[in-house]
Amino acid sequence: MTTPIIGLEVHLQLHTEKKLFCSCPSDFAATPNTRVCPICLGLPGTLPILNQGAVILALRAALALGCTINPISSFERKHYFYPDLPKGYQITQQRQPLALGGRVETPVGAVDINRLHLEEDAGKLIHTGGGTLIDFNRSGVALVEIVTAPCLTSGSEAKAFLHSLRQVMLYANISDCKLEEGSLRCDANISLSGGERTEIKNLNSFKAVERALDYEIQRQGKAQAQGEKIIPETLRWDEAQAKTVPMRAKETPGDYLFLQEPDLPPIQIEVELVDRARMSLPELPRLRAARFVLEYGLSQERAKLLTATKEMADCFEQLVATGATSLGAANLLLGEVSRLLNLGGELPSSHQLAELLALQEAGSISVTAAKEVLAQMFAQGESAHSILKKKNLCQISDNAALEKLAEEVLARSPGPTEDYLRGKKKALGFLMGAAMEASQGRANPVVLKEILAQKITAQPKKY
Amino acid sequence: MQGGKLSATELTEYYLERSERFQGALNGYISLTRDKALETADHVDSVRRQKGHLSPLAGIPMAVKDNIAVRGVPTTCASKVLANYVSPYDATAVEKLADCPILGKANMDEFAMGSSSLTSAYGPVSNPWDLKRSPGGSSGGSAALVAAGCAPFSLGTDTGGSIRQPAAFCGITGFKPTYGRVSRRGLLPLAPSLDQMGTLTRSVEDAALVLQEICGYDSGDSTSAPHGVPDFSASLIDDVSGFAIGLPKEIMESCPDGGTSRAVEAAARKLEQAGARVSWVSMPYLDESLAAYMLIATAEAASCLARYDGVAYGYRHSSLSLEEMYTGSRIFGVEVRRRLMLGTFNLGTDSGYELGQQAREQISSHLEKLFTEIDLLLLPAAPFIAFPLAEELDPLTMYYNDVYSIPANMAGLPALALPCGESGGLPVGMQMMAPRFREDVLLQAGYTWQCRSDWHLRRPREVEL
């Protein structure tokens, strides 16, 4: 079979308060048509005014991907007719995009970026039984479009790329990258070498991207093998049927009748602005992971896991800064904390976790109790101290208290005691279990074990 | 009014009455806005009584071309497509003139596409000098109303000559400022890279007063010029000594209306007597300039009018299919359809538009060079005088109306049309062009001319009777 050639177009809604060309708020899920003004409704005589905040954010996105910034970039009108497009054209950047080049490192290799540009979003159609309604709240929201080189060869590579891209964009705080809210959208272009290209839309999850591409590779391969021609068209991924469905014939750039936007002068990006944007970028995941290995002596695997999200990596460093050992902090975050995060929880503050770690490292809390405290922390957001107090979970490390406990257990269990004295060392395990249970798991096991062993041998012989 | 001898309401009532009286003969308005005008006048009067702050032109009524957005009244662009469209906001220029009562929205060519005001969906406008003739266009209503004394001044727009040619046809003063001087916010575009708002007035002096109010940077228009606005009245000096005036040889020799070229040349000699130096210059690219203009203007218009799809506002053809709704909602007139077809053909890369832009750059740089030798250009405002309404001009002849005015739009220059004579009993207009942002040169030269001539004081007889 011939090699599949895949390129992706990713749209990200920028994390800006205002839309790209007007002052309307760009918040998600507001009541339909309440985030609109004459400009984003495209009313006659209105003019677009570029939101500088969006430019800076797009600039940061481009720098985070290692793109080269064009000192001068321009806007074009892309014409097409659709009811959610109030001006009959979308303002985008065609000829001179904001940035060119760049790459995203993924676990399965680097993916080259062709270009990154700014453009405005369209409104949204809502189909009802009684007809189709239009919500223009999204109309004019600032987007960046990121176009990869046609360098991907499989659905899984595409998925890996999207995960890595999303990670970097979240790190740099460019977009909230939520597929379900449409703040990250992906279209895929695919052809088999020598064949025509199709575009797949309606890819609502990373999984859908992978499945749709794999399906399309198969479909095109089969068609090629049977000598059929691939029609260059735009397809829709039908999740329920698990297949691609034709939508319309593929547009060529000429169909859009691009026109340099006469209402907007070109964007001029000064070197100082680029420098400032670069400075404002946080350390990105790959570099941070490498530093974690060097600085904290972590394994590469653990460093990678800890830097998966900026929040996790920040939390780790804050824990270490407040005195936790890197080992303890890593164990906590990659163990129980990650488990709870995967269950859908939100990361507690590093302050809360530091408190817990300090208690654990001072031996004032058992592993079991720590788990319970953490669960409580995720659920209620309470501090470790207050949970411990409420739940009476403090570890007993006090010698006198543990000695008393040991004596009670030995007195209650003459059998095992004798077994132990007769050389059955395993019997100590039973005694430990009984003592831990009696203390409701709060006894410091290391100290208790010592005391128990000592007490048995010191028992007066009965015979 | 400042002395309390005349109220804004009285003045507005006077112009409203005249406007209503001559509406049947002229058809200068698409909508008359009596209530709105009197409301503004009443507000001005009460502020004046309380000695509150008022802008210099407060209480002077005006007519506004119907492609300029005025809140709460229909803004139709003389098209059926926008018949039911009421703007929810004011154009920036209208905001700046908030104390001027708006008498009504002036008739025009549909979407400003035309040089006759014959393409209006609301019927043609008559020229007050001869009701059977065209007032020119596209700001035909704005020009006719000022010429007939129905409005003291009006706002118009000029993409290829739409202020200057009608001003010439109607014997009044038309001023198109430098591109970027007046905010385009609220101007329903024909071709955004060429459009500019300007004034139609009785005199250069009036033009200076209105321009003073509407010029200036606007953060609501990204193409608006950051340049400071000088005191225009300071340029109202009767003196052109030392001004170097260029007279384009090809134009003066080939102007199809002999009366026009004679009147313009006579005016040049008169300015020479007043101390100006007049020399022949060459602009050997007028036909190419017209062609390039059509490529650019039609392409941009096709883009700008794409929004009139009937979806969110304006006329909508009711139909079950989306395709039919789109096609059925495009109820444009013949000229608009012609230009949209041409423009769509010219859009896109490697297209006519690109070619037009290249020619435009050459014209701009030629004019820039020319202005290192001269202070202003003097030429006819239009190649024709007012033509009969009944005359069916073919589209190319119609486009030729703008051949002398287009270079100013292509290069973004300020230009002024002034009455300078008559030809066959009808007004003749001359035109002055100056370098970008040199409105002061035009005002001074124009004022000097009007100090030494009385063409701008003449009134059309027909309407007075």
# chains A, B, ... in the order shown; residues from 1 in each chain; ligands from 1
>>> residues_around(residues="range 370-387 of chain B", least_positions_apart="5", cutoff="6 Å", atoms="only C-alpha atoms", output="tab-separated table (two decimals) with C-alpha atoms, in the first residue's frame")
chain	number	residue	atom	x	y	z
B	133	ARG	CA	-31.44	66.70	-16.33
B	134	SER	CA	-29.38	64.59	-13.97
B	165	GLN	CA	-19.07	65.47	-10.35
B	169	PHE	CA	-23.38	69.48	-12.32
B	244	ALA	CA	2.36	76.81	-8.70
B	245	ILE	CA	-0.69	75.49	-10.54
B	246	GLY	CA	-0.42	72.63	-13.01
B	247	LEU	CA	-2.88	72.38	-15.89
B	255	CYS	CA	-12.31	67.42	-22.83
B	256	PRO	CA	-15.47	66.46	-24.73
B	257	ASP	CA	-17.32	69.56	-23.52
B	401	ASN	CA	-17.94	60.75	-16.12
B	404	TYR	CA	-10.97	63.38	-14.23
B	417	ALA	CA	-14.85	70.97	-7.12
B	429	GLY	CA	-17.19	72.83	-12.34
B	430	MET	CA	-13.44	72.93	-12.08
B	431	GLN	CA	-11.42	70.73	-9.84
B	432	MET	CA	-8.33	71.30	-7.73
B	433	MET	CA	-6.15	68.50	-6.37
B	434	ALA	CA	-3.38	68.86	-3.82
>>> interface_residues(of="chain B", to="chain A", cutoff="6 Å", atoms="only C-alpha atoms", output="short mmCIF file (atom, residue, chain, number, x, y, z; two decimals) with all heavy atoms, in the first residue's frame")
data_model
loop_
_atom_site.label_atom_id
_atom_site.label_comp_id
_atom_site.auth_asym_id
_atom_site.auth_seq_id
_atom_site.Cartn_x
_atom_site.Cartn_y
_atom_site.Cartn_z
N ARG B 185 -16.12 55.05 9.45
CA ARG B 185 -17.03 54.27 10.29
C ARG B 185 -18.45 54.76 10.06
O ARG B 185 -18.73 55.94 10.24
CB ARG B 185 -16.65 54.42 11.76
CG ARG B 185 -17.47 53.56 12.69
CD ARG B 185 -17.04 53.70 14.14
NE ARG B 185 -18.17 53.45 15.01
CZ ARG B 185 -19.03 54.38 15.41
NH1 ARG B 185 -18.85 55.63 15.06
NH2 ARG B 185 -20.06 54.06 16.16
N GLY B 186 -19.29 53.87 9.62
CA GLY B 186 -20.67 54.25 9.33
C GLY B 186 -20.92 54.61 7.88
O GLY B 186 -22.04 54.90 7.50
N LEU B 187 -19.89 54.57 7.07
CA LEU B 187 -20.06 54.77 5.63
C LEU B 187 -20.27 53.38 5.03
O LEU B 187 -19.38 52.52 5.14
CB LEU B 187 -18.80 55.42 5.05
CG LEU B 187 -18.80 55.98 3.62
CD1 LEU B 187 -17.47 56.66 3.36
CD2 LEU B 187 -19.03 54.95 2.56
N LEU B 188 -21.43 53.17 4.42
CA LEU B 188 -21.66 51.85 3.82
C LEU B 188 -20.82 51.76 2.56
O LEU B 188 -21.01 52.52 1.62
CB LEU B 188 -23.16 51.66 3.51
CG LEU B 188 -24.02 51.20 4.70
CD1 LEU B 188 -24.01 52.20 5.84
CD2 LEU B 188 -25.43 50.87 4.28
N PRO B 192 -13.75 50.20 -0.09
CA PRO B 192 -13.15 50.78 1.12
C PRO B 192 -11.79 51.45 0.90
O PRO B 192 -11.45 52.37 1.64
CB PRO B 192 -13.00 49.57 2.05
CG PRO B 192 -13.99 48.59 1.56
CD PRO B 192 -14.13 48.80 0.09
N SER B 193 -11.01 51.00 -0.06
CA SER B 193 -9.69 51.60 -0.24
C SER B 193 -9.78 52.92 -1.00
O SER B 193 -8.78 53.63 -1.13
CB SER B 193 -8.73 50.64 -0.94
OG SER B 193 -9.01 50.58 -2.33
N SER B 222 -9.59 51.84 11.35
CA SER B 222 -8.14 51.54 11.34
C SER B 222 -7.41 52.21 10.19
O SER B 222 -6.19 52.23 10.17
CB SER B 222 -7.92 50.03 11.24
OG SER B 222 -8.70 49.36 12.18
N ALA B 306 -21.27 41.35 -0.38
CA ALA B 306 -21.55 39.93 -0.12
C ALA B 306 -22.42 39.77 1.11
O ALA B 306 -23.15 38.79 1.24
CB ALA B 306 -20.24 39.17 0.07
N ARG B 307 -22.36 40.75 2.03
CA ARG B 307 -23.11 40.61 3.27
C ARG B 307 -24.62 40.79 3.08
O ARG B 307 -25.38 40.45 3.97
CB ARG B 307 -22.58 41.58 4.32
CG ARG B 307 -22.93 43.02 4.08
CD ARG B 307 -22.26 43.93 5.09
NE ARG B 307 -20.80 43.85 4.97
CZ ARG B 307 -19.95 44.26 5.90
NH1 ARG B 307 -20.40 44.74 7.04
NH2 ARG B 307 -18.65 44.19 5.71
N LEU B 347 -11.92 39.49 -8.63
CA LEU B 347 -11.37 39.14 -7.32
C LEU B 347 -10.41 37.96 -7.41
O LEU B 347 -10.37 37.26 -8.41
CB LEU B 347 -12.50 38.77 -6.36
CG LEU B 347 -13.16 39.89 -5.56
CD1 LEU B 347 -14.37 39.34 -4.84
CD2 LEU B 347 -12.20 40.50 -4.55
N GLY B 348 -9.68 37.76 -6.32
CA GLY B 348 -8.82 36.59 -6.24
C GLY B 348 -7.40 36.91 -6.66
O GLY B 348 -7.10 38.02 -7.11
#
>>> select_by_dssp(residues="range 76-271 of chain A", states="helix (DSSP H, G or I)", output="number ranges by chain")
A: 155-171, 206-225, 253-256, 271
>>> atom_distance(atom1="CA of Leu203 in chain A", atom2="CA of Ala188 in chain A")
8.4 Å
>>> residues_around(residues="Gly160 in chain B", least_positions_apart="3", cutoff="7 Å", atoms="only C-alpha atoms", output="count of residues only")
4
>>> residues_around(residues="range 88-100 of chain B", least_positions_apart="5", cutoff="8 Å", atoms="only C-alpha atoms", output="list of chain:residue names")
A:Pro38, A:Gly45, B:Thr40, B:Ala41, B:Val44, B:Leu54, B:Ser55, B:Leu57, B:Ala58, B:Gly59, B:Ile60, B:Pro61, B:Met62, B:Ile68, B:Ala69, B:Val70, B:Arg71, B:Gly72, B:Val182, B:Ser183, B:Arg184, B:Arg185, B:Gly186, B:Leu187, B:Glu213, B:Ile214, B:Cys215, B:Asp218
>>> write_last_selection(atoms="N, CA, C and O atoms", output="mmCIF file, in the first residue's frame")
data_model
loop_
_atom_site.group_PDB
_atom_site.id
_atom_site.type_symbol
_atom_site.label_atom_id
_atom_site.label_comp_id
_atom_site.auth_asym_id
_atom_site.auth_seq_id
_atom_site.Cartn_x
_atom_site.Cartn_y
_atom_site.Cartn_z
ATOM 1 N N PRO A 38 -22.826 45.718 16.467
ATOM 2 C CA PRO A 38 -22.891 45.914 15.009
ATOM 3 C C PRO A 38 -21.676 45.337 14.269
ATOM 4 O O PRO A 38 -21.809 44.825 13.163
ATOM 5 N N GLY A 45 -21.628 49.266 7.149
ATOM 6 C CA GLY A 45 -20.846 50.427 7.551
ATOM 7 C C GLY A 45 -19.920 50.210 8.725
ATOM 8 O O GLY A 45 -19.193 51.117 9.114
ATOM 9 N N THR B 40 -33.661 67.524 17.374
ATOM 10 C CA THR B 40 -32.297 68.036 17.530
ATOM 11 C C THR B 40 -32.319 69.563 17.674
ATOM 12 O O THR B 40 -31.634 70.127 18.541
ATOM 13 N N ALA B 41 -33.127 70.213 16.836
ATOM 14 C CA ALA B 41 -33.198 71.680 16.867
ATOM 15 C C ALA B 41 -33.685 72.154 18.236
ATOM 16 O O ALA B 41 -33.125 73.091 18.825
ATOM 17 N N VAL B 44 -30.944 71.838 20.737
ATOM 18 C CA VAL B 44 -29.949 72.901 20.568
ATOM 19 C C VAL B 44 -30.476 74.207 21.164
ATOM 20 O O VAL B 44 -29.754 74.907 21.897
ATOM 21 N N LEU B 54 -22.162 74.178 23.024
ATOM 22 C CA LEU B 54 -22.642 73.706 21.728
ATOM 23 C C LEU B 54 -21.491 73.728 20.733
ATOM 24 O O LEU B 54 -20.582 74.551 20.836
ATOM 25 N N SER B 55 -21.545 72.816 19.756
ATOM 26 C CA SER B 55 -20.506 72.807 18.733
ATOM 27 C C SER B 55 -20.741 73.991 17.780
ATOM 28 O O SER B 55 -21.846 74.525 17.719
ATOM 29 N N LEU B 57 -21.312 74.417 14.706
ATOM 30 C CA LEU B 57 -22.378 74.372 13.695
ATOM 31 C C LEU B 57 -23.731 73.998 14.292
ATOM 32 O O LEU B 57 -24.670 73.686 13.569
ATOM 33 N N ALA B 58 -23.835 74.037 15.610
ATOM 34 C CA ALA B 58 -25.076 73.614 16.273
ATOM 35 C C ALA B 58 -26.273 74.374 15.712
ATOM 36 O O ALA B 58 -26.258 75.600 15.618
ATOM 37 N N GLY B 59 -27.276 73.623 15.323
ATOM 38 C CA GLY B 59 -28.510 74.233 14.843
ATOM 39 C C GLY B 59 -28.567 74.426 13.345
ATOM 40 O O GLY B 59 -29.615 74.775 12.804
ATOM 41 N N ILE B 60 -27.435 74.211 12.644
ATOM 42 C CA ILE B 60 -27.444 74.313 11.182
ATOM 43 C C ILE B 60 -27.877 72.963 10.627
ATOM 44 O O ILE B 60 -27.183 71.961 10.823
ATOM 45 N N PRO B 61 -29.003 72.917 9.940
ATOM 46 C CA PRO B 61 -29.487 71.620 9.455
ATOM 47 C C PRO B 61 -28.646 71.074 8.300
ATOM 48 O O PRO B 61 -27.917 71.826 7.649
ATOM 49 N N MET B 62 -28.751 69.797 8.078
ATOM 50 C CA MET B 62 -28.012 69.169 6.975
ATOM 51 C C MET B 62 -28.803 68.000 6.400
ATOM 52 O O MET B 62 -29.693 67.447 7.041
ATOM 53 N N ILE B 68 -24.811 56.710 4.516
ATOM 54 C CA ILE B 68 -24.146 57.045 5.775
ATOM 55 C C ILE B 68 -25.114 56.690 6.903
ATOM 56 O O ILE B 68 -26.274 57.111 6.892
ATOM 57 N N ALA B 69 -24.624 55.897 7.861
ATOM 58 C CA ALA B 69 -25.497 55.363 8.906
ATOM 59 C C ALA B 69 -25.959 56.468 9.853
ATOM 60 O O ALA B 69 -25.155 57.228 10.391
ATOM 61 N N VAL B 70 -27.274 56.557 10.027
ATOM 62 C CA VAL B 70 -27.864 57.460 11.019
ATOM 63 C C VAL B 70 -28.786 56.606 11.887
ATOM 64 O O VAL B 70 -29.657 55.908 11.369
ATOM 65 N N ARG B 71 -28.553 56.671 13.171
ATOM 66 C CA ARG B 71 -29.288 55.826 14.108
ATOM 67 C C ARG B 71 -30.791 56.101 14.052
ATOM 68 O O ARG B 71 -31.229 57.241 14.033
ATOM 69 N N GLY B 72 -31.539 55.005 13.996
ATOM 70 C CA GLY B 72 -32.988 55.117 14.114
ATOM 71 C C GLY B 72 -33.739 55.487 12.848
ATOM 72 O O GLY B 72 -34.963 55.583 12.873
ATOM 73 N N VAL B 182 -11.402 61.758 7.109
ATOM 74 C CA VAL B 182 -12.708 61.607 7.754
ATOM 75 C C VAL B 182 -12.927 60.112 7.984
ATOM 76 O O VAL B 182 -12.694 59.304 7.087
ATOM 77 N N SER B 183 -13.341 59.793 9.178
ATOM 78 C CA SER B 183 -13.574 58.384 9.503
ATOM 79 C C SER B 183 -14.593 57.769 8.548
ATOM 80 O O SER B 183 -15.592 58.386 8.205
ATOM 81 N N ARG B 184 -14.328 56.550 8.135
ATOM 82 C CA ARG B 184 -15.283 55.824 7.297
ATOM 83 C C ARG B 184 -16.237 54.992 8.127
ATOM 84 O O ARG B 184 -17.092 54.285 7.590
ATOM 85 N N ARG B 185 -16.119 55.048 9.451
ATOM 86 C CA ARG B 185 -17.027 54.272 10.292
ATOM 87 C C ARG B 185 -18.453 54.764 10.060
ATOM 88 O O ARG B 185 -18.735 55.940 10.237
ATOM 89 N N GLY B 186 -19.291 53.869 9.618
ATOM 90 C CA GLY B 186 -20.667 54.248 9.333
ATOM 91 C C GLY B 186 -20.917 54.605 7.884
ATOM 92 O O GLY B 186 -22.040 54.895 7.505
ATOM 93 N N LEU B 187 -19.889 54.572 7.075
ATOM 94 C CA LEU B 187 -20.060 54.768 5.628
ATOM 95 C C LEU B 187 -20.266 53.385 5.030
ATOM 96 O O LEU B 187 -19.377 52.523 5.138
ATOM 97 N N GLU B 213 -15.298 70.137 11.498
ATOM 98 C CA GLU B 213 -16.024 69.290 12.450
ATOM 99 C C GLU B 213 -15.843 67.804 12.178
ATOM 100 O O GLU B 213 -15.771 67.007 13.111
ATOM 101 N N ILE B 214 -15.793 67.413 10.918
ATOM 102 C CA ILE B 214 -15.832 65.964 10.638
ATOM 103 C C ILE B 214 -14.465 65.327 10.449
ATOM 104 O O ILE B 214 -14.336 64.103 10.512
ATOM 105 N N CYS B 215 -13.419 66.137 10.214
ATOM 106 C CA CYS B 215 -12.087 65.538 10.021
ATOM 107 C C CYS B 215 -11.485 65.115 11.353
ATOM 108 O O CYS B 215 -11.844 65.625 12.397
ATOM 109 N N ASP B 218 -9.980 58.666 14.112
ATOM 110 C CA ASP B 218 -11.037 57.923 14.797
ATOM 111 C C ASP B 218 -10.524 56.519 15.081
ATOM 112 O O ASP B 218 -10.167 55.788 14.156
#
>>> residues_around(residues="Ala58 in chain A", least_positions_apart="2", cutoff="9 Å", atoms="only C-alpha atoms", output="PyMOL selection string")
chain A and resi 14+53-56+60-63+98+116-118+143-144+174
>>> write_last_selection(atoms="all heavy atoms", output="mmCIF file, in the first residue's frame")
data_model
loop_
_atom_site.group_PDB
_atom_site.id
_atom_site.type_symbol
_atom_site.label_atom_id
_atom_site.label_comp_id
_atom_site.auth_asym_id
_atom_site.auth_seq_id
_atom_site.Cartn_x
_atom_site.Cartn_y
_atom_site.Cartn_z
ATOM 1 N N LEU A 14 -8.542 31.691 21.015
ATOM 2 C CA LEU A 14 -7.596 32.346 21.910
ATOM 3 C C LEU A 14 -8.285 32.729 23.213
ATOM 4 O O LEU A 14 -9.441 33.107 23.231
ATOM 5 C CB LEU A 14 -6.997 33.586 21.238
ATOM 6 C CG LEU A 14 -6.082 33.305 20.044
ATOM 7 C CD1 LEU A 14 -5.661 34.618 19.394
ATOM 8 C CD2 LEU A 14 -4.853 32.534 20.503
ATOM 9 N N GLY A 53 -4.524 42.467 22.070
ATOM 10 C CA GLY A 53 -4.334 41.360 22.999
ATOM 11 C C GLY A 53 -4.300 40.026 22.257
ATOM 12 O O GLY A 53 -3.508 39.137 22.583
ATOM 13 N N ALA A 54 -5.149 39.901 21.243
ATOM 14 C CA ALA A 54 -5.189 38.661 20.461
ATOM 15 C C ALA A 54 -3.902 38.493 19.667
ATOM 16 O O ALA A 54 -3.392 37.379 19.521
ATOM 17 C CB ALA A 54 -6.396 38.668 19.521
ATOM 18 N N VAL A 55 -3.374 39.605 19.164
ATOM 19 C CA VAL A 55 -2.132 39.530 18.398
ATOM 20 C C VAL A 55 -1.005 39.017 19.298
ATOM 21 O O VAL A 55 -0.228 38.132 18.916
ATOM 22 C CB VAL A 55 -1.747 40.909 17.811
ATOM 23 C CG1 VAL A 55 -0.418 40.841 17.080
ATOM 24 C CG2 VAL A 55 -2.844 41.406 16.876
ATOM 25 N N ILE A 56 -0.937 39.550 20.508
ATOM 26 C CA ILE A 56 0.134 39.153 21.422
ATOM 27 C C ILE A 56 0.001 37.676 21.797
ATOM 28 O O ILE A 56 0.984 36.939 21.839
ATOM 29 C CB ILE A 56 0.137 40.072 22.653
ATOM 30 C CG1 ILE A 56 0.613 41.458 22.208
ATOM 31 C CG2 ILE A 56 1.021 39.523 23.767
ATOM 32 C CD1 ILE A 56 0.444 42.553 23.212
ATOM 33 N N ARG A 60 2.586 34.660 21.042
ATOM 34 C CA ARG A 60 3.098 33.710 22.044
ATOM 35 C C ARG A 60 2.915 32.274 21.553
ATOM 36 O O ARG A 60 3.806 31.443 21.716
ATOM 37 C CB ARG A 60 2.347 33.884 23.366
ATOM 38 C CG ARG A 60 2.849 35.056 24.201
ATOM 39 C CD ARG A 60 1.847 35.361 25.316
ATOM 40 N NE ARG A 60 1.484 34.166 26.064
ATOM 41 C CZ ARG A 60 1.946 33.876 27.266
ATOM 42 N NH1 ARG A 60 2.753 34.707 27.873
ATOM 43 N NH2 ARG A 60 1.580 32.772 27.893
ATOM 44 N N ALA A 61 1.742 32.014 20.946
ATOM 45 C CA ALA A 61 1.491 30.660 20.430
ATOM 46 C C ALA A 61 2.547 30.308 19.389
ATOM 47 O O ALA A 61 3.114 29.208 19.407
ATOM 48 C CB ALA A 61 0.095 30.582 19.816
ATOM 49 N N ALA A 62 2.812 31.269 18.496
ATOM 50 C CA ALA A 62 3.782 31.020 17.433
ATOM 51 C C ALA A 62 5.169 30.769 18.020
ATOM 52 O O ALA A 62 5.880 29.854 17.590
ATOM 53 C CB ALA A 62 3.805 32.211 16.472
ATOM 54 N N LEU A 63 5.535 31.548 19.011
ATOM 55 C CA LEU A 63 6.871 31.386 19.610
ATOM 56 C C LEU A 63 6.967 30.061 20.367
ATOM 57 O O LEU A 63 8.000 29.401 20.345
ATOM 58 C CB LEU A 63 7.174 32.561 20.541
ATOM 59 C CG LEU A 63 7.364 33.904 19.814
ATOM 60 C CD1 LEU A 63 7.399 35.050 20.819
ATOM 61 C CD2 LEU A 63 8.627 33.892 18.968
ATOM 62 N N LEU A 98 0.815 35.421 10.196
ATOM 63 C CA LEU A 98 1.568 35.963 11.329
ATOM 64 C C LEU A 98 2.915 35.259 11.486
ATOM 65 O O LEU A 98 3.927 35.887 11.784
ATOM 66 C CB LEU A 98 0.749 35.801 12.618
ATOM 67 C CG LEU A 98 1.346 36.446 13.856
ATOM 68 C CD1 LEU A 98 1.159 37.953 13.799
ATOM 69 C CD2 LEU A 98 0.720 35.889 15.117
ATOM 70 N N LEU A 116 1.114 29.628 11.038
ATOM 71 C CA LEU A 116 0.156 29.954 12.092
ATOM 72 C C LEU A 116 -0.404 31.329 11.764
ATOM 73 O O LEU A 116 0.351 32.250 11.469
ATOM 74 C CB LEU A 116 0.850 29.965 13.460
ATOM 75 C CG LEU A 116 -0.019 30.340 14.672
ATOM 76 C CD1 LEU A 116 0.469 29.580 15.914
ATOM 77 C CD2 LEU A 116 -0.004 31.830 14.973
ATOM 78 N N HIS A 117 -1.713 31.450 11.749
ATOM 79 C CA HIS A 117 -2.285 32.768 11.458
ATOM 80 C C HIS A 117 -3.524 33.052 12.285
ATOM 81 O O HIS A 117 -4.123 32.159 12.869
ATOM 82 C CB HIS A 117 -2.566 32.924 9.965
ATOM 83 C CG HIS A 117 -3.647 32.026 9.449
ATOM 84 N ND1 HIS A 117 -3.409 30.927 8.672
ATOM 85 C CD2 HIS A 117 -4.994 32.088 9.608
ATOM 86 C CE1 HIS A 117 -4.549 30.342 8.369
ATOM 87 N NE2 HIS A 117 -5.528 31.026 8.927
ATOM 88 N N LEU A 118 -3.864 34.334 12.332
ATOM 89 C CA LEU A 118 -5.038 34.801 13.068
ATOM 90 C C LEU A 118 -6.250 34.802 12.147
ATOM 91 O O LEU A 118 -6.125 35.108 10.963
ATOM 92 C CB LEU A 118 -4.811 36.251 13.509
ATOM 93 C CG LEU A 118 -4.111 36.516 14.824
ATOM 94 C CD1 LEU A 118 -3.661 37.967 14.872
ATOM 95 C CD2 LEU A 118 -5.035 36.216 15.997
ATOM 96 N N LEU A 143 -9.347 33.407 16.693
ATOM 97 C CA LEU A 143 -8.807 32.059 16.518
ATOM 98 C C LEU A 143 -7.369 32.154 16.016
ATOM 99 O O LEU A 143 -7.015 33.117 15.342
ATOM 100 C CB LEU A 143 -9.588 31.301 15.439
ATOM 101 C CG LEU A 143 -11.071 31.031 15.586
ATOM 102 C CD1 LEU A 143 -11.582 30.336 14.322
ATOM 103 C CD2 LEU A 143 -11.321 30.154 16.794
ATOM 104 N N VAL A 144 -6.568 31.144 16.331
ATOM 105 C CA VAL A 144 -5.371 30.932 15.524
ATOM 106 C C VAL A 144 -5.575 29.631 14.779
ATOM 107 O O VAL A 144 -6.144 28.678 15.313
ATOM 108 C CB VAL A 144 -4.043 30.849 16.316
ATOM 109 C CG1 VAL A 144 -3.583 32.213 16.754
ATOM 110 C CG2 VAL A 144 -4.120 29.877 17.458
ATOM 111 N N ILE A 174 -2.482 29.721 25.926
ATOM 112 C CA ILE A 174 -2.959 30.345 24.695
ATOM 113 C C ILE A 174 -4.467 30.154 24.568
ATOM 114 O O ILE A 174 -5.189 31.044 24.145
ATOM 115 C CB ILE A 174 -2.283 29.681 23.465
ATOM 116 C CG1 ILE A 174 -0.765 29.748 23.562
ATOM 117 C CG2 ILE A 174 -2.802 30.276 22.170
ATOM 118 C CD1 ILE A 174 -0.193 31.126 23.621
#
>>> residues_around(residues="Gly335 in chain A", least_positions_apart="3", cutoff="12 Å", atoms="only C-alpha atoms", output="VMD selection string")
chain A and resid 302 305 to 306 327 to 332 338 to 342 367 370 to 371 374
>>> decode(residues="range 400-419 of chain A", atoms="C-alpha atoms", output="PDB file, in the first residue's frame")
ATOM      1  CA  ALA A 400       4.741   5.468  76.320  1.00  0.00           C
ATOM      2  CA  ALA A 401       1.478   5.149  74.397  1.00  0.00           C
ATOM      3  CA  LEU A 402       2.919   2.483  72.107  1.00  0.00           C
ATOM      4  CA  GLU A 403       4.355   0.514  75.029  1.00  0.00           C
ATOM      5  CA  LYS A 404       0.959   0.485  76.672  1.00  0.00           C
ATOM      6  CA  LEU A 405      -0.594  -0.697  73.435  1.00  0.00           C
ATOM      7  CA  ALA A 406       2.000  -3.469  73.061  1.00  0.00           C
ATOM      8  CA  GLU A 407       1.453  -4.701  76.571  1.00  0.00           C
ATOM      9  CA  GLU A 408      -2.295  -4.850  76.081  1.00  0.00           C
ATOM     10  CA  VAL A 409      -1.944  -6.816  72.849  1.00  0.00           C
ATOM     11  CA  LEU A 410       0.529  -9.270  74.343  1.00  0.00           C
ATOM     12  CA  ALA A 411      -1.696  -9.806  77.342  1.00  0.00           C
ATOM     13  CA  ARG A 412      -4.632 -10.518  75.040  1.00  0.00           C
ATOM     14  CA  SER A 413      -2.675 -12.892  72.829  1.00  0.00           C
ATOM     15  CA  PRO A 414      -0.713 -15.446  74.868  1.00  0.00           C
ATOM     16  CA  GLY A 415      -0.786 -18.003  72.005  1.00  0.00           C
ATOM     17  CA  PRO A 416       1.038 -16.035  69.346  1.00  0.00           C
ATOM     18  CA  THR A 417       3.410 -14.718  71.977  1.00  0.00           C
ATOM     19  CA  GLU A 418       4.405 -18.225  72.867  1.00  0.00           C
ATOM     20  CA  ASP A 419       4.696 -19.171  69.207  1.00  0.00           C
TER      21      ASP A 419
END
